[in-house]
Amino acid sequence: MKYSGIKVLWEGLRGNMGWKPLWRNPDPKTSYDIIIVGGGGHGLATAYYLAEKFKITNIAVVEKGWLGSGNIGRNTTIIRSNYLLPQNQPFYEFSLKLWENLEQELNYNSMVSQRGVLNIFHSDSQRDAFVRRGNAMLMSGADASLLGVNDLKKMVPFLDFQNSRFPIKGGLWQPRGGTVRHDAVAWGYAKEADSRGVDIIENCEVTNFLVKNGRCYGVETTKGVIKSKKVGVCVAGSSSQVMGKIGINLPIESHVLQAFVSEGLKPVIPGVITFGAGHFYVSQSNKGGLVFGGDIDGYNSYAQRGNLPVIEDVCEGGVALMPMIGRARMLRIWGGIMDMSMDGSPIIDKTNIKNLYFNGGWCYGGFKATPASGFCYAHLLATGTSHHDAKDFLFNRFEKGRLIDEKGQGNQPNLH
Amino acid sequence: MLIDHPLLGLRDSTEFIYMGDAKLLNRPNWKSKNSKTKFIDYGYLRKNPAGVHKELWYHEQGDRSWLVVTRNTVTHEILKVELARYLKSEANAK
Ligand SMILES: Cc1cc2nc3c(=O)[nH]c(=O)nc-3n(C[C@H](O)[C@H](O)[C@H](O)COP(=O)(O)OP(=O)(O)OC[C@H]3O[C@@H](n4cnc5c(N)ncnc54)[C@H](O)[C@@H]3O)c2cc1C
């Protein structure tokens with residue numbers, strides 16, 4: 001289906017009776033060229049780029065629940081390219097460039113809103129760290145500028161500048177960062193992948209892999225056996241569960257991350273703002289709710305719900321940064337399962353089983369990565385080689401000692 | 001979550017620091033065969049089960065003991081709490 005202003009007018013005049021579902025609901029065929037396991041943002045983006053850029057269309061995306069039931073429909077929707085390390089930053093900048101053109105490319109309104117990301121700093125040493133990060137961003141072709149207290153007072157006058165414990169010293173500002181309507185990303189990619197012939201098979205769980213002589217040739221599912229020349233796993237928080245079926249242990253722990261939404265308020269928060277002295281990030285949705293979050297709960301979890309201590313911690317961080325939100329009422333809280341890797345960075349790589357590929361370890365920053373992750377995974381699945389911007393996201397970096405550890409925390413997933 | 005500390009009784013989980021899979025108690029011997037592979041496994045690879053998980057919690061804001069907590073990662077139910085110290089000496093005695 002193609003959307004346009006004329007179509008909207010036409011449908012408006014005819015009682016909106018002509019809109020059709022965005023994707024078909026096919027039964028699985030007996031075999032495909034490529035099966036993508038997991039219909040989250042990354043899986044759907046992979047299928048779309050395989051069809052669009054690599055002209056492979058005999059593909060199935062096999063999703064255990066409904067489309068968008070995983071983290072793609074649960075995150076706090078922030079996009080940015082403000083990483084430090086040379087293995088990460090060009091990848092995230094590539095992703096941001098893809099976001100900028102996404103709606104035109106998919107002919108779908110995913111509400112890409114580049115209203116800026118502002119990281120507040122509170123000490124001289126933190127300023128030094130942010131100057132370094134800003135320079136890394138500029139070197140990758142991204143945008144960044146350093147704002148002083150006076151700039152901030154004009155831009156976000158409601159911050160607690162006088163806070164005696166964490167005085168505000170300035171901020172690192174990326175104007176091209178912002179937010180995107182998360183589930184519309186899944187729907188947009190699904191619509192365009194489907195229209196190119198990709199089968200999206202919902203409510204179909206992959207229960208095992210078909211492997212013979214070290215080669216993968218398909219999957220077993222709750223809807224029967226489906227054969228395939230290549231299989232690409234892309235199941236985020238369920239990574240260890242799915243790869244565990246063929247005995248592969250991953251450098252990943254699953255943790256729960258919570259998100260919070262307040263009641264609807266008039267526009268108060270101009271972009272995305274993050275607290276530098278605790279973990280708190282906030283933006284305001286188009287409906288007016290404050291959308292915010294903080295740390296993961298910190299223990300292995302598959303519960304899709306968190307506990308109260310983190311809620312308290314996140315709210316304390318928020319009120320320390322912007323006391324004005326202290327009287328806003330919280331409306332909703334939910335959790336999603338994060339694939340926290342041992343160095344905080346992702347993996348897009350082959351496995352030691354031939355024709356079986358893996359994409360995961362996105363921690364809690366995988367939403368912004370969706371387009372580039374899909375693009376680079378499609379590149380790997382189609383050509384057998386890593387895309388230039390994802391060439392370091394390999395399994396063997398752990399044994400080689402080439403960790404990509406943005407925070408310098410070591411092999412402890414709950415600290416990344 | 002409340003953790004039933006063997007010496008101190010029910011304590012709030014916020015008093016603890018979480019260290020992950022209790023397999024970290026069994027550090028490989030560096031002189032053993034394949035010790036490199038074993039250390040990669042020890043340092044980086046995890047089973048990460050959905051269900052019963054044995055894990056290390058450190059009572060930082062309490063008596064500073066290391067506990068091995070057996071917990072269900074799907075329901076957050078805590079099934080068993082033991083002092084790591086005793087588990088280690090038992091393992092060594094065998
Ligand atoms: C609360 C929260 C806030 C977040 N905030 C941000 C943010 O602000 N910015 C950011 O960049 N990132 C954020 N993230 C992270 C981001 O959402 C994830 O990293 C990213 O969505 C993961 O990729 P995905 O979309 O493919 O995952 P998912 O949408 O989880 O896709 C994986 C899919 O695999 C399916 N699956 C699992 N097992 C099987 C099986 N056996 N067979 C078939 N299918 C299976 C699941 O049902 C699921 O649909 C946040 C996450 C959470 C939970």
# chains A, B, ... in the order shown; residues from 1 in each chain; ligands from 1
$ residues_around --residues "Val310 in chain A" --least-positions-apart "4" --cutoff "10 Å" --atoms "only C-alpha atoms" --output "PDB file with all heavy atoms, in the first residue's frame"
ATOM      1  N   LEU A 257      15.078  -4.180  31.680  1.00  0.00           N
ATOM      2  CA  LEU A 257      15.138  -2.717  31.705  1.00  0.00           C
ATOM      3  C   LEU A 257      13.713  -2.196  31.736  1.00  0.00           C
ATOM      4  O   LEU A 257      12.853  -2.666  30.996  1.00  0.00           O
ATOM      5  CB  LEU A 257      15.849  -2.183  30.453  1.00  0.00           C
ATOM      6  CG  LEU A 257      15.890  -0.651  30.325  1.00  0.00           C
ATOM      7  CD1 LEU A 257      16.795  -0.027  31.379  1.00  0.00           C
ATOM      8  CD2 LEU A 257      16.356  -0.221  28.940  1.00  0.00           C
ATOM      9  N   GLN A 258      13.460  -1.220  32.603  1.00  0.00           N
ATOM     10  CA  GLN A 258      12.106  -0.676  32.719  1.00  0.00           C
ATOM     11  C   GLN A 258      11.994   0.667  32.002  1.00  0.00           C
ATOM     12  O   GLN A 258      12.967   1.386  31.844  1.00  0.00           O
ATOM     13  CB  GLN A 258      11.750  -0.491  34.194  1.00  0.00           C
ATOM     14  CG  GLN A 258      11.931  -1.757  35.016  1.00  0.00           C
ATOM     15  CD  GLN A 258      11.376  -1.620  36.425  1.00  0.00           C
ATOM     16  OE1 GLN A 258      10.188  -1.404  36.598  1.00  0.00           O
ATOM     17  NE2 GLN A 258      12.227  -1.756  37.422  1.00  0.00           N
ATOM     18  N   GLY A 293      13.544   6.779  31.558  1.00  0.00           N
ATOM     19  CA  GLY A 293      14.109   5.515  31.990  1.00  0.00           C
ATOM     20  C   GLY A 293      15.445   5.735  32.656  1.00  0.00           C
ATOM     21  O   GLY A 293      15.911   6.873  32.808  1.00  0.00           O
ATOM     22  N   GLY A 294      16.070   4.628  33.053  1.00  0.00           N
ATOM     23  CA  GLY A 294      17.366   4.713  33.723  1.00  0.00           C
ATOM     24  C   GLY A 294      18.121   3.420  33.579  1.00  0.00           C
ATOM     25  O   GLY A 294      18.228   2.872  32.484  1.00  0.00           O
ATOM     26  N   ASP A 295      18.598   2.901  34.702  1.00  0.00           N
ATOM     27  CA  ASP A 295      19.421   1.693  34.702  1.00  0.00           C
ATOM     28  C   ASP A 295      18.589   0.423  34.531  1.00  0.00           C
ATOM     29  O   ASP A 295      17.405   0.402  34.837  1.00  0.00           O
ATOM     30  CB  ASP A 295      20.136   1.579  36.050  1.00  0.00           C
ATOM     31  CG  ASP A 295      21.483   2.262  36.034  1.00  0.00           C
ATOM     32  OD1 ASP A 295      22.113   2.257  34.962  1.00  0.00           O
ATOM     33  OD2 ASP A 295      21.901   2.779  37.076  1.00  0.00           O
ATOM     34  N   ILE A 296      19.262  -0.640  34.107  1.00  0.00           N
ATOM     35  CA  ILE A 296      18.651  -1.959  34.194  1.00  0.00           C
ATOM     36  C   ILE A 296      18.554  -2.344  35.672  1.00  0.00           C
ATOM     37  O   ILE A 296      19.247  -1.775  36.510  1.00  0.00           O
ATOM     38  CB  ILE A 296      19.473  -3.019  33.427  1.00  0.00           C
ATOM     39  CG1 ILE A 296      20.938  -3.020  33.866  1.00  0.00           C
ATOM     40  CG2 ILE A 296      19.369  -2.805  31.939  1.00  0.00           C
ATOM     41  CD1 ILE A 296      21.764  -4.114  33.221  1.00  0.00           C
ATOM     42  N   ASP A 297      17.702  -3.335  35.972  1.00  0.00           N
ATOM     43  CA  ASP A 297      17.557  -3.750  37.364  1.00  0.00           C
ATOM     44  C   ASP A 297      18.842  -4.377  37.900  1.00  0.00           C
ATOM     45  O   ASP A 297      19.138  -4.285  39.082  1.00  0.00           O
ATOM     46  CB  ASP A 297      16.386  -4.735  37.516  1.00  0.00           C
ATOM     47  CG  ASP A 297      15.071  -3.996  37.749  1.00  0.00           C
ATOM     48  OD1 ASP A 297      14.852  -2.966  37.084  1.00  0.00           O
ATOM     49  OD2 ASP A 297      14.268  -4.445  38.589  1.00  0.00           O
ATOM     50  N   GLY A 298      19.586  -5.069  37.039  1.00  0.00           N
ATOM     51  CA  GLY A 298      20.928  -5.485  37.441  1.00  0.00           C
ATOM     52  C   GLY A 298      21.130  -6.948  37.770  1.00  0.00           C
ATOM     53  O   GLY A 298      22.224  -7.343  38.141  1.00  0.00           O
ATOM     54  N   GLY A 306      10.094  -5.282  36.197  1.00  0.00           N
ATOM     55  CA  GLY A 306      11.203  -5.042  37.103  1.00  0.00           C
ATOM     56  C   GLY A 306      10.716  -4.885  38.531  1.00  0.00           C
ATOM     57  O   GLY A 306       9.579  -5.223  38.860  1.00  0.00           O
ATOM     58  N   VAL A 314      15.341   5.898  39.496  1.00  0.00           N
ATOM     59  CA  VAL A 314      15.115   6.680  38.274  1.00  0.00           C
ATOM     60  C   VAL A 314      14.376   7.972  38.616  1.00  0.00           C
ATOM     61  O   VAL A 314      14.735   9.059  38.152  1.00  0.00           O
ATOM     62  CB  VAL A 314      14.316   5.846  37.239  1.00  0.00           C
ATOM     63  CG1 VAL A 314      13.851   6.707  36.087  1.00  0.00           C
ATOM     64  CG2 VAL A 314      15.175   4.694  36.724  1.00  0.00           C
ATOM     65  N   CYS A 315      13.366   7.865  39.464  1.00  0.00           N
ATOM     66  CA  CYS A 315      12.591   9.059  39.809  1.00  0.00           C
ATOM     67  C   CYS A 315      13.429  10.055  40.601  1.00  0.00           C
ATOM     68  O   CYS A 315      13.328  11.263  40.402  1.00  0.00           O
ATOM     69  CB  CYS A 315      11.329   8.677  40.577  1.00  0.00           C
ATOM     70  SG  CYS A 315      10.200   7.739  39.535  1.00  0.00           S
ATOM     71  N   GLU A 316      14.299   9.549  41.475  1.00  0.00           N
ATOM     72  CA  GLU A 316      15.200  10.447  42.212  1.00  0.00           C
ATOM     73  C   GLU A 316      16.114  11.195  41.249  1.00  0.00           C
ATOM     74  O   GLU A 316      16.329  12.399  41.387  1.00  0.00           O
ATOM     75  CB  GLU A 316      16.059   9.644  43.199  1.00  0.00           C
ATOM     76  CG  GLU A 316      15.345   9.306  44.486  1.00  0.00           C
ATOM     77  CD  GLU A 316      16.119   8.321  45.357  1.00  0.00           C
ATOM     78  OE1 GLU A 316      17.207   7.859  44.931  1.00  0.00           O
ATOM     79  OE2 GLU A 316      15.628   8.005  46.444  1.00  0.00           O
TER      80      GLU A 316
ATOM     81  N   THR B  14      18.602  -4.555  47.653  1.00  0.00           N
ATOM     82  CA  THR B  14      19.399  -3.354  47.353  1.00  0.00           C
ATOM     83  C   THR B  14      20.652  -3.262  48.222  1.00  0.00           C
ATOM     84  O   THR B  14      21.535  -2.459  47.938  1.00  0.00           O
ATOM     85  CB  THR B  14      18.576  -2.068  47.553  1.00  0.00           C
ATOM     86  OG1 THR B  14      18.018  -2.107  48.865  1.00  0.00           O
ATOM     87  CG2 THR B  14      17.477  -1.948  46.525  1.00  0.00           C
TER      88      THR B  14
END
$ residues_near_ligand --ligand "ligand 1" --cutoff "6 Å" --atoms "only C-alpha atoms and all ligand atoms" --output "PyMOL selection string"
chain A and resi 37-43+62-65+68-72+74-79+205-207+235-236+238+242+257-259+335-337+362-368
$ residues_around --residues "Asn29 in chain B" --least-positions-apart "4" --cutoff "12 Å" --atoms "only C-alpha atoms" --output "PyMOL selection string"
chain B and resi 33-39+42
$ closest_atom_pairs --of "range 276-373 of chain A" --to "range 114-120 of chain A" --cutoff "10 Å" --atoms "only C-alpha atoms" --output "CSV"
residue,atom,partner,partner_atom,distance
A:Gly276,CA,A:Ile120,CA,5.3
A:Ala277,CA,A:Ile120,CA,8.5
A:Tyr281,CA,A:Asn119,CA,8.9
A:Val282,CA,A:Val117,CA,9.8
A:Ser283,CA,A:Val117,CA,9.2
A:Leu321,CA,A:Ile120,CA,9.2
$ closest_residue --among "A:Glu253, A:Asp27, A:Asp339, A:Asp389" --to "chain B" --atoms "only C-alpha atoms"
A:Glu253
$ interface_residues --of "chain B" --to "chain A" --cutoff "8 Å" --atoms "only C-alpha atoms" --output "short mmCIF file (atom, residue, chain, number, x, y, z; two decimals) with C-alpha atoms, in the first residue's frame"
data_model
loop_
_atom_site.label_atom_id
_atom_site.label_comp_id
_atom_site.auth_asym_id
_atom_site.auth_seq_id
_atom_site.Cartn_x
_atom_site.Cartn_y
_atom_site.Cartn_z
CA MET B 1 13.30 -8.91 46.26
CA THR B 14 19.40 -3.35 47.35
CA TYR B 18 25.12 -8.68 41.88
CA MET B 19 27.99 -10.57 40.27
CA GLY B 20 26.21 -13.06 37.99
CA ILE B 40 37.61 -17.68 27.79
CA GLY B 43 35.44 -15.01 31.69
CA TYR B 44 32.95 -14.49 28.91
CA LEU B 45 30.49 -17.29 28.19
CA ARG B 46 27.29 -17.78 30.16
CA LYS B 47 24.41 -20.29 30.08
CA ASN B 48 21.99 -17.47 30.94
CA PRO B 49 19.05 -19.80 31.65
CA ALA B 50 15.39 -18.83 31.70
CA THR B 73 14.95 -15.75 36.47
CA VAL B 74 11.43 -15.95 35.03
CA THR B 75 9.49 -15.35 38.27
CA HIS B 76 12.23 -13.74 40.45
#
$ select_by_dssp --residues "range 46-96 of chain A" --states "strand (DSSP E or B)" --output "ChimeraX atom specification"
/A:59-62,78-79
$ write_last_selection --atoms "all heavy atoms" --output "PDB file, in the first residue's frame"
ATOM      1  N   ILE A  59      12.395 -14.911   1.355  1.00  0.00           N
ATOM      2  CA  ILE A  59      12.796 -14.823   2.757  1.00  0.00           C
ATOM      3  C   ILE A  59      11.574 -14.993   3.644  1.00  0.00           C
ATOM      4  O   ILE A  59      10.481 -14.536   3.287  1.00  0.00           O
ATOM      5  CB  ILE A  59      13.371 -13.415   3.064  1.00  0.00           C
ATOM      6  CG1 ILE A  59      14.520 -13.063   2.126  1.00  0.00           C
ATOM      7  CG2 ILE A  59      13.818 -13.297   4.510  1.00  0.00           C
ATOM      8  CD1 ILE A  59      15.023 -11.642   2.316  1.00  0.00           C
ATOM      9  N   ALA A  60      11.756 -15.621   4.800  1.00  0.00           N
ATOM     10  CA  ALA A  60      10.708 -15.616   5.822  1.00  0.00           C
ATOM     11  C   ALA A  60      11.250 -14.983   7.093  1.00  0.00           C
ATOM     12  O   ALA A  60      12.399 -15.214   7.463  1.00  0.00           O
ATOM     13  CB  ALA A  60      10.247 -17.034   6.121  1.00  0.00           C
ATOM     14  N   VAL A  61      10.433 -14.145   7.717  1.00  0.00           N
ATOM     15  CA  VAL A  61      10.724 -13.668   9.066  1.00  0.00           C
ATOM     16  C   VAL A  61       9.797 -14.430   9.996  1.00  0.00           C
ATOM     17  O   VAL A  61       8.578 -14.356   9.864  1.00  0.00           O
ATOM     18  CB  VAL A  61      10.466 -12.148   9.196  1.00  0.00           C
ATOM     19  CG1 VAL A  61      10.719 -11.692  10.629  1.00  0.00           C
ATOM     20  CG2 VAL A  61      11.327 -11.363   8.220  1.00  0.00           C
ATOM     21  N   VAL A  62      10.390 -15.228  10.907  1.00  0.00           N
ATOM     22  CA  VAL A  62       9.584 -16.081  11.783  1.00  0.00           C
ATOM     23  C   VAL A  62       9.562 -15.461  13.178  1.00  0.00           C
ATOM     24  O   VAL A  62      10.602 -15.299  13.808  1.00  0.00           O
ATOM     25  CB  VAL A  62      10.180 -17.507  11.834  1.00  0.00           C
ATOM     26  CG1 VAL A  62       9.337 -18.392  12.720  1.00  0.00           C
ATOM     27  CG2 VAL A  62      10.265 -18.084  10.430  1.00  0.00           C
ATOM     28  N   ILE A  78      14.847   6.552  21.857  1.00  0.00           N
ATOM     29  CA  ILE A  78      15.883   7.567  21.624  1.00  0.00           C
ATOM     30  C   ILE A  78      16.836   7.118  20.520  1.00  0.00           C
ATOM     31  O   ILE A  78      17.301   5.981  20.513  1.00  0.00           O
ATOM     32  CB  ILE A  78      16.673   7.848  22.916  1.00  0.00           C
ATOM     33  CG1 ILE A  78      15.725   8.375  23.988  1.00  0.00           C
ATOM     34  CG2 ILE A  78      17.809   8.832  22.651  1.00  0.00           C
ATOM     35  CD1 ILE A  78      16.312   8.364  25.384  1.00  0.00           C
ATOM     36  N   ILE A  79      17.134   8.018  19.581  1.00  0.00           N
ATOM     37  CA  ILE A  79      18.165   7.759  18.579  1.00  0.00           C
ATOM     38  C   ILE A  79      19.246   8.829  18.697  1.00  0.00           C
ATOM     39  O   ILE A  79      18.976   9.986  19.012  1.00  0.00           O
ATOM     40  CB  ILE A  79      17.590   7.717  17.146  1.00  0.00           C
ATOM     41  CG1 ILE A  79      16.983   9.062  16.764  1.00  0.00           C
ATOM     42  CG2 ILE A  79      16.538   6.623  17.012  1.00  0.00           C
ATOM     43  CD1 ILE A  79      16.746   9.217  15.279  1.00  0.00           C
TER      44      ILE A  79
END
$ select_by_dssp --residues "chain B" --states "alpha helix (DSSP H)" --output "ChimeraX atom specification"
/B:35-44,84-93
$ residues_around --residues "Gly62 in chain B" --least-positions-apart "3" --cutoff "10 Å" --atoms "only C-alpha atoms" --output "list in words"
Leu8, Arg11, Glu15, Phe16, Tyr58, His59 and Ser65 of chain B
$ write_last_selection --atoms "C-alpha atoms" --output "PDB file, in the first residue's frame"
ATOM      1  CA  LEU B   8      21.136 -12.269  59.033  1.00  0.00           C
ATOM      2  CA  ARG B  11      17.516  -8.560  53.734  1.00  0.00           C
ATOM      3  CA  GLU B  15      21.946  -4.058  50.112  1.00  0.00           C
ATOM      4  CA  PHE B  16      23.685  -6.468  47.735  1.00  0.00           C
ATOM      5  CA  TYR B  58      27.767  -9.775  47.660  1.00  0.00           C
ATOM      6  CA  HIS B  59      26.333  -8.289  50.848  1.00  0.00           C
ATOM      7  CA  SER B  65      29.764 -12.084  52.726  1.00  0.00           C
TER       8      SER B  65
END
$ atom_distance --atom1 "CA of Leu331 in chain A" --atom2 "CA of Leu265 in chain A"
11.7 Å
$ residues_around --residues "Ala84 in chain B" --least-positions-apart "3" --cutoff "9 Å" --atoms "only C-alpha atoms" --output "list in words"
Ala22, Leu25, Leu56, Ser65, Trp66, Leu67, Val68, Leu87, Lys88 and Ser89 of chain B
